[in-house]
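Novice: Coordinates in run-v2.cif, mmCIF, C-alpha atoms, are listed below.
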```
data_input
#
loop_
_atom_site.label_atom_id
_atom_site.label_comp_id
_atom_site.auth_asym_id
_atom_site.auth_seq_id
_atom_site.Cartn_x
_atom_site.Cartn_y
_atom_site.Cartn_z
CA VAL A 1129 -88.39 -61.81 27.61
CA ILE A 1130 -88.78 -65.44 26.53
CA LEU A 1131 -84.97 -65.89 26.39
CA LEU A 1132 -84.61 -64.45 29.88
CA ILE A 1133 -87.27 -66.82 31.20
CA LYS A 1134 -85.51 -69.82 29.64
CA GLU A 1135 -81.99 -68.72 30.60
CA TYR A 1136 -82.65 -67.77 34.20
CA LYS A 1137 -85.70 -69.99 34.76
CA ILE A 1138 -87.80 -67.10 35.93
CA ARG A 1139 -91.13 -68.07 37.41
CA PHE A 1140 -94.14 -65.83 37.68
CA SER A 1141 -96.61 -66.00 40.51
CA LEU A 1142 -99.49 -63.87 41.68
CA LYS A 1143 -100.15 -63.22 45.33
CA ALA A 1144 -103.70 -62.37 46.25
CA GLU A 1145 -102.44 -59.76 48.71
CA TYR A 1146 -100.55 -57.88 45.98
CA VAL A 1147 -103.47 -58.06 43.55
CA LYS A 1148 -105.79 -56.71 46.26
CA ASP A 1149 -103.44 -53.80 46.97
CA VAL A 1150 -103.13 -52.94 43.26
CA LEU A 1151 -106.90 -52.98 42.78
CA LYS A 1152 -107.50 -51.01 45.97
CA PHE A 1153 -105.09 -48.33 44.79
CA GLY A 1154 -105.87 -48.32 41.07
CA ALA A 1155 -109.57 -49.09 40.71
CA PRO A 1156 -110.80 -45.78 42.19
CA LEU A 1157 -108.65 -43.90 39.66
CA VAL A 1158 -110.95 -44.95 36.78
CA PRO A 1159 -113.96 -42.84 37.87
CA TYR A 1160 -111.46 -40.22 39.04
CA SER A 1161 -110.17 -39.87 35.47
CA ILE A 1162 -113.72 -39.45 34.18
CA GLY A 1163 -114.48 -36.79 36.79
CA THR A 1164 -111.26 -34.94 36.03
CA LEU A 1165 -112.03 -35.02 32.29
CA ILE A 1166 -115.39 -33.38 32.96
CA ILE A 1167 -113.75 -30.71 35.12
CA THR A 1168 -111.10 -29.86 32.54
CA SER A 1169 -113.36 -29.87 29.47
CA SER A 1170 -116.61 -28.30 30.68
CA ASP A 1171 -115.44 -24.76 29.88
CA LYS A 1172 -114.80 -25.56 26.22
CA TYR A 1173 -118.06 -27.48 25.86
CA PHE A 1174 -120.28 -24.77 27.32
CA LEU A 1175 -118.41 -21.97 25.57
CA LYS A 1176 -118.77 -23.65 22.19
CA THR A 1177 -122.46 -24.40 22.82
CA MET A 1178 -123.38 -21.00 24.25
CA GLU A 1179 -121.05 -18.57 22.44
CA GLY A 1180 -119.91 -20.32 19.25
CA LEU A 1181 -116.69 -21.60 17.67
CA ALA A 1182 -115.22 -18.17 16.97
CA ILE A 1183 -115.22 -17.22 20.65
CA LEU A 1184 -113.94 -20.68 21.57
CA GLY A 1185 -110.95 -20.15 19.27
CA ILE A 1186 -110.05 -16.87 20.96
CA TYR A 1187 -110.58 -18.43 24.38
CA THR A 1188 -108.29 -21.34 23.51
CA VAL A 1189 -105.46 -18.94 22.74
CA GLY A 1190 -105.86 -17.23 26.12
CA TYR A 1191 -106.16 -20.61 27.81
CA SER A 1192 -102.86 -21.68 26.26
CA MET A 1193 -101.16 -18.64 27.77
CA GLY A 1194 -102.54 -19.54 31.18
CA GLN A 1195 -101.12 -23.05 30.83
CA ILE A 1196 -97.64 -21.59 31.41
CA ILE A 1197 -98.43 -21.98 35.13
CA ILE A 1198 -99.00 -25.72 34.71
CA PHE A 1199 -95.80 -26.17 32.68
CA ILE A 1200 -93.77 -24.55 35.46
CA ALA A 1201 -95.68 -26.39 38.21
CA SER A 1202 -95.15 -29.75 36.49
CA ALA A 1203 -91.39 -29.23 36.40
CA ILE A 1204 -91.37 -28.35 40.10
CA ASP A 1205 -93.62 -31.30 40.98
CA THR A 1206 -91.29 -33.74 39.28
CA SER A 1207 -88.30 -32.55 41.28
CA ILE A 1208 -90.01 -32.14 44.64
CA SER A 1209 -92.28 -35.23 44.76
CA PRO A 1210 -89.60 -37.60 46.13
CA LYS A 1211 -88.87 -35.13 48.94
CA ILE A 1212 -92.56 -34.87 49.84
CA TYR A 1213 -92.91 -38.66 50.02
CA ASN A 1214 -89.75 -38.83 52.12
CA ARG A 1215 -91.17 -36.30 54.59
CA LEU A 1216 -94.52 -38.08 54.77
CA GLY A 1217 -92.67 -41.27 55.67
CA ARG A 1218 -91.56 -39.63 58.94
CA PHE A 1219 -94.45 -37.25 59.47
CA GLU A 1220 -94.33 -35.32 62.73
CA ALA A 1221 -94.83 -31.74 63.95
CA GLU A 1222 -91.52 -30.44 62.59
CA VAL A 1223 -92.08 -32.10 59.23
CA ALA A 1224 -95.62 -30.71 59.08
CA GLU A 1225 -94.29 -27.17 59.50
CA GLU A 1226 -91.68 -27.76 56.80
CA LEU A 1227 -94.34 -28.98 54.36
CA VAL A 1228 -96.60 -26.02 55.11
CA ARG A 1229 -93.73 -23.58 54.51
CA TYR A 1230 -92.94 -25.27 51.21
CA ILE A 1231 -96.56 -25.07 50.02
CA TYR A 1232 -96.85 -21.40 50.98
CA VAL A 1233 -93.61 -20.53 49.16
CA TYR A 1234 -94.73 -22.59 46.15
CA MET A 1235 -98.08 -20.77 46.06
CA ILE A 1236 -96.49 -17.32 46.34
CA PHE A 1237 -94.02 -18.17 43.57
CA LEU A 1238 -96.84 -19.26 41.26
CA VAL A 1239 -98.84 -16.11 42.08
CA VAL A 1240 -95.85 -13.95 41.07
CA ILE A 1241 -95.50 -15.87 37.80
CA ALA A 1242 -99.24 -15.55 37.16
CA VAL A 1243 -99.14 -11.78 37.64
CA LEU A 1244 -96.17 -11.47 35.28
CA VAL A 1245 -97.84 -13.66 32.64
CA THR A 1246 -101.07 -11.66 32.92
CA PHE A 1247 -99.32 -8.33 32.39
CA ALA A 1248 -97.17 -9.70 29.57
CA ALA A 1249 -100.03 -11.51 27.80
CA PRO A 1250 -101.30 -8.58 25.63
CA TYR A 1251 -97.79 -7.92 24.29
CA ILE A 1252 -96.96 -11.58 23.74
CA LEU A 1253 -100.27 -12.24 22.00
CA ARG A 1254 -99.78 -9.22 19.74
CA PHE A 1255 -96.63 -10.79 18.29
CA TRP A 1256 -97.64 -14.41 18.67
CA VAL A 1257 -101.09 -14.48 17.03
CA GLY A 1258 -101.74 -10.91 15.88
CA ARG A 1259 -104.38 -8.35 16.68
CA ASP A 1260 -107.27 -10.61 15.65
CA PHE A 1261 -106.74 -12.63 18.82
CA GLN A 1262 -105.85 -9.73 21.12
CA ALA A 1263 -109.10 -10.29 23.03
CA ALA A 1264 -107.68 -13.58 24.29
CA SER A 1265 -105.70 -11.66 26.92
CA GLN A 1266 -108.89 -11.08 28.95
CA PHE A 1267 -108.99 -14.78 29.84
CA VAL A 1268 -105.38 -15.13 30.98
CA LEU A 1269 -105.75 -13.82 34.54
CA TRP A 1270 -108.55 -16.21 35.48
CA ILE A 1271 -106.90 -19.19 33.79
CA CYS A 1272 -103.56 -18.48 35.48
CA PHE A 1273 -105.09 -18.31 38.93
CA GLY A 1274 -107.29 -21.30 38.21
CA ASN A 1275 -104.16 -23.23 37.31
CA ILE A 1276 -102.52 -22.15 40.57
CA ALA A 1277 -105.42 -23.80 42.40
CA PHE A 1278 -105.01 -26.88 40.19
CA ALA A 1279 -101.26 -26.97 40.85
CA LEU A 1280 -101.91 -26.87 44.60
CA TYR A 1281 -104.48 -29.63 44.15
CA ARG A 1282 -101.80 -31.75 42.52
CA VAL A 1283 -99.55 -31.22 45.52
CA PHE A 1284 -102.32 -32.31 47.88
CA SER A 1285 -103.06 -35.32 45.67
CA GLN A 1286 -99.53 -36.57 46.37
CA PHE A 1287 -100.36 -36.71 50.07
CA ILE A 1288 -103.50 -38.73 49.29
CA GLN A 1289 -101.64 -41.07 46.97
CA TYR A 1290 -99.02 -41.69 49.62
CA SER A 1291 -101.76 -42.64 52.09
CA LYS A 1292 -103.03 -45.13 49.45
CA LYS A 1293 -106.56 -43.78 49.95
CA THR A 1294 -107.06 -42.98 46.28
CA TYR A 1295 -110.82 -43.22 46.68
CA LEU A 1296 -110.55 -39.72 48.17
CA LEU A 1297 -109.22 -38.46 44.83
CA THR A 1298 -112.24 -40.00 43.13
CA LEU A 1299 -114.57 -38.45 45.67
CA SER A 1300 -113.02 -35.01 45.20
CA ALA A 1301 -113.36 -35.27 41.41
CA LEU A 1302 -116.94 -36.53 41.49
CA ILE A 1303 -118.01 -33.76 43.88
CA THR A 1304 -116.21 -31.08 41.89
CA ALA A 1305 -117.32 -32.11 38.39
CA PRO A 1306 -121.01 -31.09 38.62
CA LEU A 1307 -120.19 -28.00 40.68
CA ALA A 1308 -117.57 -26.86 38.17
CA GLY A 1309 -119.92 -27.46 35.26
CA LEU A 1310 -122.69 -25.52 36.98
CA ALA A 1311 -120.35 -22.63 37.83
CA ILE A 1312 -119.13 -22.38 34.23
CA TYR A 1313 -122.67 -22.46 32.82
CA VAL A 1314 -123.99 -19.84 35.25
CA LEU A 1315 -121.00 -17.52 34.86
CA ILE A 1316 -121.16 -17.63 31.06
CA LYS A 1317 -124.86 -16.77 31.32
CA LEU A 1318 -124.09 -13.85 33.63
CA ASN A 1319 -120.80 -12.52 32.25
CA GLY A 1320 -120.48 -13.82 28.72
CA PRO A 1321 -117.32 -15.57 27.43
CA ILE A 1322 -115.17 -14.40 30.36
CA GLY A 1323 -117.48 -16.50 32.54
CA ALA A 1324 -115.85 -19.65 31.15
CA ALA A 1325 -112.47 -18.61 32.54
CA GLN A 1326 -114.06 -17.52 35.82
CA GLY A 1327 -115.75 -20.92 36.00
CA VAL A 1328 -112.39 -22.64 35.51
CA PHE A 1329 -111.03 -20.67 38.45
CA ALA A 1330 -114.07 -21.56 40.57
CA GLY A 1331 -113.95 -25.24 39.62
CA TYR A 1332 -110.25 -25.69 40.28
CA THR A 1333 -110.54 -23.80 43.56
CA ILE A 1334 -113.31 -26.15 44.72
CA PHE A 1335 -111.19 -29.13 43.58
CA CYS A 1336 -108.22 -27.81 45.56
CA LEU A 1337 -110.19 -27.06 48.74
CA ILE A 1338 -111.85 -30.48 48.82
CA ALA A 1339 -108.48 -32.20 48.44
CA TRP A 1340 -106.99 -29.91 51.11
CA GLY A 1341 -109.78 -30.92 53.49
CA PHE A 1342 -109.02 -34.61 52.97
CA VAL A 1343 -105.29 -34.04 53.42
CA GLN A 1344 -105.88 -32.14 56.65
CA LYS A 1345 -107.71 -35.18 58.01
CA LEU A 1346 -104.91 -37.54 56.95
CA TYR A 1347 -101.96 -35.33 57.86
CA PRO A 1348 -102.99 -32.44 60.16
CA MET A 1349 -100.76 -29.44 59.49
CA PRO A 1350 -100.39 -25.98 61.09
CA TRP A 1351 -101.63 -23.79 58.25
CA LEU A 1352 -102.28 -20.83 60.57
CA LYS A 1353 -100.31 -21.56 63.72
CA ILE A 1354 -97.09 -21.68 61.73
CA PHE A 1355 -97.23 -17.88 61.85
CA TRP A 1356 -97.28 -17.91 65.65
CA ARG A 1357 -94.47 -20.15 66.82
CA GLY A 1358 -94.81 -21.71 70.20
CA LYS A 1359 -98.62 -21.71 70.29
CA GLY A 1360 -98.99 -25.27 69.13
CA SER A 1361 -97.43 -27.85 66.91
CA VAL A 1362 -99.86 -29.47 64.55
CA ALA A 1363 -103.26 -27.89 64.16
CA SER A 1364 -105.65 -26.79 61.47
#
```
Starting from the file, lay out its structure as structure tokens.
Specialist:
Amino acid sequence: VILLIKEYKIRFSLKAEYVKDVLKFGAPLVPYSIGTLIITSSDKYFLKTMEGLAILGIYTVGYSMGQIIIFIASAIDTSISPKIYNRLGRFEAEVAEELVRYIYVYMIFLVVIAVLVTFAAPYILRFWVGRDFQAASQFVLWICFGNIAFALYRVFSQFIQYSKKTYLLTLSALITAPLAGLAIYVLIKLNGPIGAAQGVFAGYTIFCLIAWGFVQKLYPMPWLKIFWRGKGSVAS
């Protein structure tokens, strides 16, 4: 770096406008990260506290199976993100319909994968970890569908990031964190260990719906009217 500076006489300068934009975009992501950490770790904390380490170990195995949804979703996100940003750059009624169709297809695809993983889980676990952890399969359904909600949240977060209103991500995380924690605690109390997985589903669903609400304000899209062509262009 030093050689490049000397050779090409590179000069560095800071513009207040750029610094302001960076802080406006990045600063809200600090509390967002804390809120997200609470959302993603509350299930393990309450399960360990309320049910013990042995149950937590079994739960972790089932949770790992459910993470297959996130692995697949991450690969899709990486390939499709540039296209989403491109569409948002010329957002109009036709583009809104295209984005809605994509999200519906994406959701249906993940649901199919989740069903397949859920049915396959007992057989995979039998060979993967043995009969001692066979009970882990009971958690897979709820974790898979919770991760579908989280995957959809991640799609909606791209819309918010493009708008540069990252404070909305922070707001969604800070609203969801206590609600998710409460749901997990109450459901473990009511249903035992399976309540942790049900709480994950509830928490991620809340996270997703809050983000969807913000996105609908920023980029109104025809989530229902897309099924009835000709009755409107962009509506909720």
Novice: Quick one: residues within 12 Å of Met1193 (chain A), all atoms listed in the file counted, chain neighbours fewer than 2 positions away excluded, as JSON, numbers by chain?
Specialist: {"A": [1186, 1187, 1188, 1189, 1190, 1191, 1195, 1196, 1197, 1198, 1199, 1241, 1242, 1244, 1245, 1246, 1247, 1248, 1249, 1250, 1251, 1252, 1253, 1256, 1257, 1264, 1265, 1266, 1267, 1268, 1269, 1270, 1271, 1272, 1273, 1275]}
Novice: Quick one: everything within 9 Å of Val1328 (chain A), counting all atoms listed in the file, minus sequence neighbours fewer than 2 positions away in the same chain. Send it as JSON, numbers by chain.
Specialist: {"A": [1167, 1168, 1170, 1171, 1270, 1271, 1274, 1275, 1308, 1309, 1311, 1312, 1323, 1324, 1325, 1326, 1330, 1331, 1332, 1333]}
Novice: List the neighbours of Val1228 (chain A) out to 8 Å using only C-alpha atoms; skip same-chain residues closer than 5 positions along the sequence, and give me the result as a list in words.
Specialist: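 Final neighbour list, sorted by chain and number: Met1349, Pro1350, Trp1351 and Ile1354 of chain A.
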Novice: Go ahead and compute the interatomic distance for CA of Ile1303 (chain A) and CA of Leu1165 (chain A), in Å to one decimal.
Specialist: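 Atom-to-atom, CA of Ile1303 (chain A) to CA of Leu1165 (chain A), that is 13.1 Å.
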Novice: If the PyMOL selection byres ((chain A and resi 1299) around 12) is run on the structure shown, which residues does it catch, given as a list in words?
Specialist: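 For this structure, the PyMOL selection byres ((chain A and resi 1299) around 12) captures Pro1156, Leu1157, Val1158, Pro1159, Tyr1160, Ser1161, Ile1162, Gly1163, Thr1164, Ser1285, Ile1288, Lys1293, Thr1294, Tyr1295, Leu1296, Leu1297, Thr1298, Ser1300, Ala1301, Leu1302, Ile1303, Thr1304, Ala1305, Phe1335, Ile1338, Ala1339, Gly1341 and Phe1342 of chain A.
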Novice: Between A:Ala1263, A:Ile1204, A:Ile1276, A:Leu1227, which residue has the minimum interatomic distance to Gly1185 (chain A), considering all atoms listed in the file?
Specialist: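 Looking only at the distances to Gly1185 (chain A), the closest residue turns out to be A:Ala1263.
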Novice: Considering all atoms listed in the file, state which residue in the set A:Tyr1173, A:Gly1194, A:Ile1231, A:Ile1236 is at the smallest distance from Ile1212 (chain A).
Specialist: A:Ile1231
Novice: Sort by chain and increasing residue number a table of all residues of region 1272-1321 of chain A within 8 Å of region 1176-1183 of chain A, each with its closest pair of atoms and their distance in Å to one decimal, counting only C-alpha atoms, and write it as a Markdown table.
Specialist:
```
| residue | atom | partner | partner_atom | distance |
| --- | --- | --- | --- | --- |
| A:Ile1316 | CA | A:Met1178 | CA | 7.9 |
| A:Gly1320 | CA | A:Glu1179 | CA | 7.9 |
| A:Pro1321 | CA | A:Glu1179 | CA | 6.9 |
```
Novice: How many Å lie between CA of Trp1340 (chain A) and CA of Ser1209 (chain A), rounded to one decimal?
Specialist: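 For CA of Trp1340 (chain A) relative to CA of Ser1209 (chain A), the distance reads 16.9 Å.
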Novice: With all atoms listed in the file as the atoms that count, which of A:Ile1334, A:Val1240, A:Ala1224, A:Leu1175 lies nearest to Leu1346 (chain A)?
Specialist: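 Using all atoms listed in the file, Leu1346 (chain A) sits closest to A:Ala1224.
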Novice: Please indicate the distance in Å from CA of Tyr1234 (chain A) to CA of Phe1284 (chain A), rounded to one decimal place.
Specialist: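 Going from CA of Tyr1234 (chain A) over to CA of Phe1284 (chain A) covers 12.5 Å.
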Novice: Looking at A:Phe1261, A:Tyr1281, A:Phe1219, A:Tyr1232, which one is nearest to Tyr1347 (chain A), with distances taken over all atoms listed in the file?
Specialist: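 Between A:Phe1261, A:Tyr1281, A:Phe1219, A:Tyr1232, the residue approaching Tyr1347 (chain A) most closely is A:Phe1219.
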Novice: Between A:Asn1319, A:Gln1286, A:Leu1307, A:Met1235, which one has atoms that come closest to Arg1215 (chain A), using all atoms listed in the file?
Specialist: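 Checking each candidate against Arg1215 (chain A), we get A:Gln1286 as the closest.
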Novice: Hey, could you patch up region 1186-1197 of chain A with all heavy atoms and hand it over as a CSV table (one decimal), in the frame of the given file?
Specialist:
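See selection17.csv below for the written result:
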```
chain,number,residue,atom,x,y,z
A,1186,ILE,N,-110.7,-17.9,20.2
A,1186,ILE,CA,-110.0,-16.9,21.0
A,1186,ILE,C,-109.8,-17.3,22.4
A,1186,ILE,O,-108.7,-17.1,22.9
A,1186,ILE,CB,-110.9,-15.6,21.0
A,1186,ILE,CG1,-111.0,-15.1,19.5
A,1186,ILE,CG2,-110.3,-14.5,21.8
A,1186,ILE,CD1,-112.0,-13.9,19.4
A,1187,TYR,N,-110.7,-17.9,23.0
A,1187,TYR,CA,-110.6,-18.4,24.4
A,1187,TYR,C,-109.4,-19.4,24.5
A,1187,TYR,O,-108.6,-19.4,25.4
A,1187,TYR,CB,-111.9,-19.1,24.8
A,1187,TYR,CG,-111.8,-19.8,26.2
A,1187,TYR,CD1,-111.9,-19.0,27.4
A,1187,TYR,CD2,-111.6,-21.1,26.3
A,1187,TYR,CE1,-111.8,-19.7,28.6
A,1187,TYR,CE2,-111.6,-21.8,27.5
A,1187,TYR,CZ,-111.7,-21.0,28.7
A,1187,TYR,OH,-111.6,-21.7,29.9
A,1188,THR,N,-109.3,-20.3,23.5
A,1188,THR,CA,-108.3,-21.3,23.5
A,1188,THR,C,-106.9,-20.7,23.5
A,1188,THR,O,-106.0,-21.2,24.1
A,1188,THR,CB,-108.5,-22.3,22.3
A,1188,THR,OG1,-109.8,-22.9,22.4
A,1188,THR,CG2,-107.4,-23.4,22.3
A,1189,VAL,N,-106.7,-19.6,22.8
A,1189,VAL,CA,-105.5,-18.9,22.7
A,1189,VAL,C,-105.1,-18.4,24.1
A,1189,VAL,O,-104.0,-18.6,24.6
A,1189,VAL,CB,-105.5,-17.8,21.7
A,1189,VAL,CG1,-104.2,-17.0,21.8
A,1189,VAL,CG2,-105.6,-18.3,20.3
A,1190,GLY,N,-106.1,-17.7,24.8
A,1190,GLY,CA,-105.9,-17.2,26.1
A,1190,GLY,C,-105.6,-18.4,27.1
A,1190,GLY,O,-104.8,-18.2,28.0
A,1191,TYR,N,-106.3,-19.5,26.9
A,1191,TYR,CA,-106.2,-20.6,27.8
A,1191,TYR,C,-104.7,-21.2,27.7
A,1191,TYR,O,-104.1,-21.5,28.7
A,1191,TYR,CB,-107.2,-21.7,27.4
A,1191,TYR,CG,-107.3,-22.8,28.4
A,1191,TYR,CD1,-108.2,-22.8,29.4
A,1191,TYR,CD2,-106.5,-23.9,28.3
A,1191,TYR,CE1,-108.4,-23.8,30.3
A,1191,TYR,CE2,-106.6,-25.0,29.2
A,1191,TYR,CZ,-107.5,-24.9,30.2
A,1191,TYR,OH,-107.6,-25.9,31.2
A,1192,SER,N,-104.2,-21.2,26.5
A,1192,SER,CA,-102.9,-21.7,26.3
A,1192,SER,C,-101.8,-20.8,27.0
A,1192,SER,O,-100.9,-21.3,27.5
A,1192,SER,CB,-102.5,-21.7,24.8
A,1192,SER,OG,-103.4,-22.6,24.1
A,1193,MET,N,-102.1,-19.5,27.0
A,1193,MET,CA,-101.2,-18.6,27.8
A,1193,MET,C,-101.2,-19.0,29.3
A,1193,MET,O,-100.2,-19.0,29.9
A,1193,MET,CB,-101.6,-17.2,27.6
A,1193,MET,CG,-101.1,-16.6,26.2
A,1193,MET,SD,-99.3,-16.4,26.1
A,1193,MET,CE,-99.0,-15.2,27.5
A,1194,GLY,N,-102.4,-19.2,29.8
A,1194,GLY,CA,-102.5,-19.5,31.2
A,1194,GLY,C,-101.9,-20.9,31.6
A,1194,GLY,O,-101.6,-21.1,32.7
A,1195,GLN,N,-101.7,-21.7,30.6
A,1195,GLN,CA,-101.1,-23.0,30.8
A,1195,GLN,C,-99.6,-23.0,31.2
A,1195,GLN,O,-99.0,-23.9,31.6
A,1195,GLN,CB,-101.3,-24.0,29.6
A,1195,GLN,CG,-102.7,-24.5,29.4
A,1195,GLN,CD,-103.2,-25.3,30.6
A,1195,GLN,OE1,-103.9,-24.8,31.5
A,1195,GLN,NE2,-102.9,-26.6,30.5
A,1196,ILE,N,-99.0,-21.8,31.0
A,1196,ILE,CA,-97.6,-21.6,31.4
A,1196,ILE,C,-97.5,-22.0,32.9
A,1196,ILE,O,-96.4,-22.5,33.3
A,1196,ILE,CB,-97.2,-20.1,31.2
A,1196,ILE,CG1,-97.1,-19.9,29.7
A,1196,ILE,CG2,-95.9,-19.8,31.8
A,1196,ILE,CD1,-96.9,-18.4,29.3
A,1197,ILE,N,-98.5,-21.7,33.7
A,1197,ILE,CA,-98.4,-22.0,35.1
A,1197,ILE,C,-98.3,-23.5,35.3
A,1197,ILE,O,-97.5,-23.9,36.1
A,1197,ILE,CB,-99.7,-21.5,35.8
A,1197,ILE,CG1,-99.8,-20.0,35.7
A,1197,ILE,CG2,-99.7,-21.9,37.3
A,1197,ILE,CD1,-98.7,-19.2,36.4
```
